[in-house]
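K.L.:
Below: one structure in structure tokens.
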Amino acid sequence: MKKKSARAGLIAFVVTLVITTVIAIFYLNNAASSRRERAKFMADTYGQSIEAEIAAREYITRMLEIKIQESKGNITGEQFRIIAEELFDDFIDITDISLAPDGIVSFKYPLTGGLADRENLFSDNVQGVYADYSKMSGASILIAPAIMDDGSYGIIIRRPVYTSEEASEESFWGFVSVTLDLSRFLKAVSIENLAQGGYEYKLIGNNPITGEKRLIMEHSDRELATPVESMISTVKGGYWIIRISPEAGWMNPVELVGALAIAILFSALAAFAASAYMSMLANAKELEVMSYRDSLTNLYNPRSYHEHMDDLSKKKLPYGLIFMDLNDFKMVNDTMGHDVGDSLLNIVAKRLQNSIREKDRAFRIGGDEFVVVIHGVHDKQFYEGVIDRMRNNVAREVVIGEHKLNVSISAGFARCPEDGAKFEDVVKVADDAMYHNKRAMKAKRAAMGIKSARDSQ
């Protein structure tokens, strides 16, 4: 039973562990999916914010373009200064606004007098390729990250300006540019809040000419674990990508450990419950067996005998009873002790059990008294054969310690319904037959004793 309980506990542990693990994985996957949905929402939100801020700064170039076109390309330094001054103060991240007629930077704000160093954008080793591309395509470009004169990183939004609606070499006026401080721009969109919220991020741009991806800003230099991303439209078909991933990963280690601990705990509880339940069943079965078995001989006891006979009587099934007891058993108890007597009863019980069929039952109903219930219809010769078999088995010498015993039994039988339709009637006939056998055996032994005495004279 201990092995069965342990096996049941092990099975319960494994099954529960599998089930709780599946549930935990389902929960963790749902939690990870929820985190991914939230991160995607945040990526989209910050992407939209960056997109709106870029559009607002690009609009400055559009306003200057309109002013240049209205003046037929003859904008003065003072006119530029007034417009730039109004726009400049609205954005803390703008470092300068410039005009480059024919590609030569001639006006810049803020700068004393509005005059610049007359840098030729087409001749610049870095800016030249972008200036050529913007002029030929007629499209605004966004350069990021751009390295500023002081070594910091910035963003340049540059718009080609034409004096007529058709972009051509003849109508090309020059460029309007807005330069932004990259760190201030990102601060304006509160991107640092991502790090405060436990996220790592990378902001990636594309080269407007080659399409090559290049890093604009990142929270850390390590690779992001399966990040979510959102695309950000910049200017004229350009785009950035923002990628977000939790620092602790999509599955929180604490949740993983907690889920595993809960799974093991529930499995252990299930194993304990299953083991305890099996032990309880085993104990209940053992108690039930004990309540129907004789504690000395392990034969069925009087309670079992009466319940079995009630069942046979209710079902009106044919049966037979063999009553028996040991001859001179009291003498064994009185002369050799009750321990020897108990051992003798145990041996006799086993021999009686071995003398009957499996479907028949042997009962100890008290002291040295036994009953065998024979199931089915059988003739007298059958019962006499069973009794002879029991006599012969019991009569074999019994050795208990230093004692050697030869015992015999008295027995009688009765059948239902041949000898009585009621249980009480069958019992009386079988009991009378046993005592008749006992008296006959005593008379036979007495006669043999008298004859032995005469022969000795």
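Letters for chains follow the order of the structure tokens (A, B, ...), residue numbers begin at 1 for each chain, and ligand numbers begin at 1 in the order shown.
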Fewer than 5 positions away in the same chain doesn't count, so skip those; otherwise give me all residues within 8 Å of segment 164-174 of chain A, counting only C-alpha atoms, as a count of residues only.

P.N.:
10

K.L.:
Determine, counting only C-alpha atoms, which protein, DNA and RNA residues have an atom within 6 Å of an atom of segment 234-249 of chain A; residues of the same chain fewer than 3 positions away are not included. Present the result as number ranges by chain.

P.N.:
A: 198-205, 227-231

K.L.:
Skipping near chain neighbours, those fewer than 6 positions away, what residues fall within 10 Å of segment 396-412 of chain A using only C-alpha atoms, listed as a ChimeraX atom specification?

P.N.:
/A:321-329,332,336,339-341,343-344,347-348,351,368-371,383-384,387-388,390,429-441

K.L.:
Tell me, as a ChimeraX atom specification, which residues lie within 10 Å of Glu418 of chain A, counting only C-alpha atoms; anything in the same chain fewer than 5 positions away does not count.

P.N.:
/A:318-320,377,379,426

K.L.:
Grab the residues selected above and save them as a PDB file, in the first residue's frame with N, CA, C and O atoms.

P.N.:
ATOM      1  N   PRO A 318     -29.587 -21.407  -3.261  1.00  0.00           N
ATOM      2  CA  PRO A 318     -29.330 -22.671  -2.554  1.00  0.00           C
ATOM      3  C   PRO A 318     -27.934 -22.657  -1.942  1.00  0.00           C
ATOM      4  O   PRO A 318     -26.999 -22.102  -2.514  1.00  0.00           O
ATOM      5  N   TYR A 319     -27.802 -23.282  -0.783  1.00  0.00           N
ATOM      6  CA  TYR A 319     -26.507 -23.346  -0.108  1.00  0.00           C
ATOM      7  C   TYR A 319     -26.529 -24.508   0.883  1.00  0.00           C
ATOM      8  O   TYR A 319     -27.570 -25.136   1.126  1.00  0.00           O
ATOM      9  N   GLY A 320     -25.382 -24.754   1.477  1.00  0.00           N
ATOM     10  CA  GLY A 320     -25.277 -25.755   2.525  1.00  0.00           C
ATOM     11  C   GLY A 320     -24.349 -25.273   3.611  1.00  0.00           C
ATOM     12  O   GLY A 320     -23.448 -24.464   3.359  1.00  0.00           O
ATOM     13  N   VAL A 377     -26.195 -26.243  -5.432  1.00  0.00           N
ATOM     14  CA  VAL A 377     -26.921 -27.470  -5.102  1.00  0.00           C
ATOM     15  C   VAL A 377     -25.969 -28.654  -5.229  1.00  0.00           C
ATOM     16  O   VAL A 377     -25.347 -28.857  -6.281  1.00  0.00           O
ATOM     17  N   ASP A 379     -25.314 -32.974  -3.675  1.00  0.00           N
ATOM     18  CA  ASP A 379     -25.901 -34.102  -2.944  1.00  0.00           C
ATOM     19  C   ASP A 379     -25.121 -34.377  -1.663  1.00  0.00           C
ATOM     20  O   ASP A 379     -24.097 -33.743  -1.390  1.00  0.00           O
ATOM     21  N   VAL A 426     -32.025 -24.570   8.891  1.00  0.00           N
ATOM     22  CA  VAL A 426     -30.807 -25.203   8.356  1.00  0.00           C
ATOM     23  C   VAL A 426     -29.723 -25.225   9.422  1.00  0.00           C
ATOM     24  O   VAL A 426     -29.005 -26.227   9.586  1.00  0.00           O
TER      25      VAL A 426
END

K.L.:
If we count only C-alpha atoms and set the cut-off at 12 Å, which residues sit around segment 355-358 of chain A, ignoring sequence neighbours fewer than 2 positions away in its own chain? Please answer as a PyMOL selection string.

P.N.:
chain A and resi 322+348-353+360-363+371-376+382-383+385-394

K.L.:
Write the residues of the selection above to a file with N, CA and C atoms, as an mmCIF file, in the first residue's frame.

P.N.:
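Result saved to out_38.cif:
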data_model
loop_
_atom_site.group_PDB
_atom_site.id
_atom_site.type_symbol
_atom_site.label_atom_id
_atom_site.label_comp_id
_atom_site.auth_asym_id
_atom_site.auth_seq_id
_atom_site.Cartn_x
_atom_site.Cartn_y
_atom_site.Cartn_z
ATOM 1 N N ILE A 322 -21.734 -26.431 6.808
ATOM 2 C CA ILE A 322 -20.999 -27.472 7.527
ATOM 3 C C ILE A 322 -20.549 -26.861 8.841
ATOM 4 N N VAL A 348 -5.360 -24.955 12.161
ATOM 5 C CA VAL A 348 -6.581 -25.655 11.750
ATOM 6 C C VAL A 348 -7.358 -24.812 10.738
ATOM 7 N N ALA A 349 -7.417 -23.483 10.975
ATOM 8 C CA ALA A 349 -8.144 -22.595 10.066
ATOM 9 C C ALA A 349 -7.550 -22.658 8.655
ATOM 10 N N LYS A 350 -6.231 -22.646 8.570
ATOM 11 C CA LYS A 350 -5.585 -22.712 7.266
ATOM 12 C C LYS A 350 -5.893 -24.050 6.579
ATOM 13 N N ARG A 351 -5.889 -25.129 7.352
ATOM 14 C CA ARG A 351 -6.166 -26.444 6.766
ATOM 15 C C ARG A 351 -7.621 -26.555 6.309
ATOM 16 N N LEU A 352 -8.531 -25.932 7.061
ATOM 17 C CA LEU A 352 -9.933 -25.928 6.644
ATOM 18 C C LEU A 352 -10.098 -25.138 5.344
ATOM 19 N N GLN A 353 -9.430 -23.986 5.275
ATOM 20 C CA GLN A 353 -9.525 -23.139 4.083
ATOM 21 C C GLN A 353 -8.986 -23.876 2.859
ATOM 22 N N ASP A 360 -16.455 -21.134 -2.094
ATOM 23 C CA ASP A 360 -17.075 -21.384 -0.787
ATOM 24 C C ASP A 360 -16.345 -20.586 0.278
ATOM 25 N N ARG A 361 -16.992 -20.434 1.441
ATOM 26 C CA ARG A 361 -16.412 -19.581 2.485
ATOM 27 C C ARG A 361 -16.335 -20.312 3.819
ATOM 28 N N ALA A 362 -15.224 -20.034 4.540
ATOM 29 C CA ALA A 362 -15.032 -20.591 5.885
ATOM 30 C C ALA A 362 -15.104 -19.460 6.900
ATOM 31 N N PHE A 363 -15.817 -19.688 8.005
ATOM 32 C CA PHE A 363 -16.000 -18.691 9.050
ATOM 33 C C PHE A 363 -15.580 -19.270 10.395
ATOM 34 N N VAL A 371 -17.670 -22.628 10.625
ATOM 35 C CA VAL A 371 -18.760 -22.913 9.690
ATOM 36 C C VAL A 371 -18.212 -22.752 8.274
ATOM 37 N N VAL A 372 -18.559 -23.694 7.424
ATOM 38 C CA VAL A 372 -18.237 -23.585 6.012
ATOM 39 C C VAL A 372 -19.555 -23.474 5.250
ATOM 40 N N VAL A 373 -19.653 -22.435 4.399
ATOM 41 C CA VAL A 373 -20.842 -22.255 3.571
ATOM 42 C C VAL A 373 -20.512 -22.767 2.165
ATOM 43 N N ILE A 374 -21.282 -23.769 1.736
ATOM 44 C CA ILE A 374 -21.114 -24.353 0.414
ATOM 45 C C ILE A 374 -22.176 -23.744 -0.506
ATOM 46 N N HIS A 375 -21.766 -23.139 -1.600
ATOM 47 C CA HIS A 375 -22.705 -22.495 -2.513
ATOM 48 C C HIS A 375 -23.159 -23.459 -3.608
ATOM 49 N N GLY A 376 -24.424 -23.371 -3.937
ATOM 50 C CA GLY A 376 -24.962 -24.197 -5.008
ATOM 51 C C GLY A 376 -25.672 -25.441 -4.495
ATOM 52 N N PHE A 382 -21.389 -35.284 -1.806
ATOM 53 C CA PHE A 382 -20.466 -34.156 -1.981
ATOM 54 C C PHE A 382 -20.062 -33.608 -0.611
ATOM 55 N N TYR A 383 -21.032 -33.385 0.264
ATOM 56 C CA TYR A 383 -20.751 -32.844 1.594
ATOM 57 C C TYR A 383 -19.909 -33.809 2.416
ATOM 58 N N GLY A 385 -17.819 -35.905 1.229
ATOM 59 C CA GLY A 385 -16.460 -35.840 0.691
ATOM 60 C C GLY A 385 -15.699 -34.632 1.217
ATOM 61 N N VAL A 386 -16.385 -33.487 1.315
ATOM 62 C CA VAL A 386 -15.732 -32.280 1.840
ATOM 63 C C VAL A 386 -15.340 -32.497 3.297
ATOM 64 N N ILE A 387 -16.244 -33.084 4.078
ATOM 65 C CA ILE A 387 -15.957 -33.300 5.499
ATOM 66 C C ILE A 387 -14.803 -34.285 5.666
ATOM 67 N N ASP A 388 -14.777 -35.345 4.841
ATOM 68 C CA ASP A 388 -13.663 -36.298 4.927
ATOM 69 C C ASP A 388 -12.343 -35.604 4.607
ATOM 70 N N ARG A 389 -12.359 -34.714 3.617
ATOM 71 C CA ARG A 389 -11.139 -33.989 3.248
ATOM 72 C C ARG A 389 -10.688 -33.097 4.404
ATOM 73 N N MET A 390 -11.630 -32.448 5.065
ATOM 74 C CA MET A 390 -11.292 -31.595 6.195
ATOM 75 C C MET A 390 -10.754 -32.428 7.358
ATOM 76 N N ARG A 391 -11.385 -33.537 7.607
ATOM 77 C CA ARG A 391 -10.913 -34.416 8.704
ATOM 78 C C ARG A 391 -9.464 -34.838 8.454
ATOM 79 N N ASN A 392 -9.190 -35.288 7.223
ATOM 80 C CA ASN A 392 -7.849 -35.782 6.918
ATOM 81 C C ASN A 392 -6.800 -34.678 7.013
ATOM 82 N N ASN A 393 -7.141 -33.475 6.522
ATOM 83 C CA ASN A 393 -6.183 -32.367 6.582
ATOM 84 C C ASN A 393 -5.901 -31.947 8.017
ATOM 85 N N VAL A 394 -6.971 -31.874 8.836
ATOM 86 C CA VAL A 394 -6.815 -31.456 10.229
ATOM 87 C C VAL A 394 -6.095 -32.521 11.044
#

K.L.:
Quick one, how far is atom CA of Leu296 of chain A from atom CA of Asn333 of chain A?

P.N.:
15.4 Å
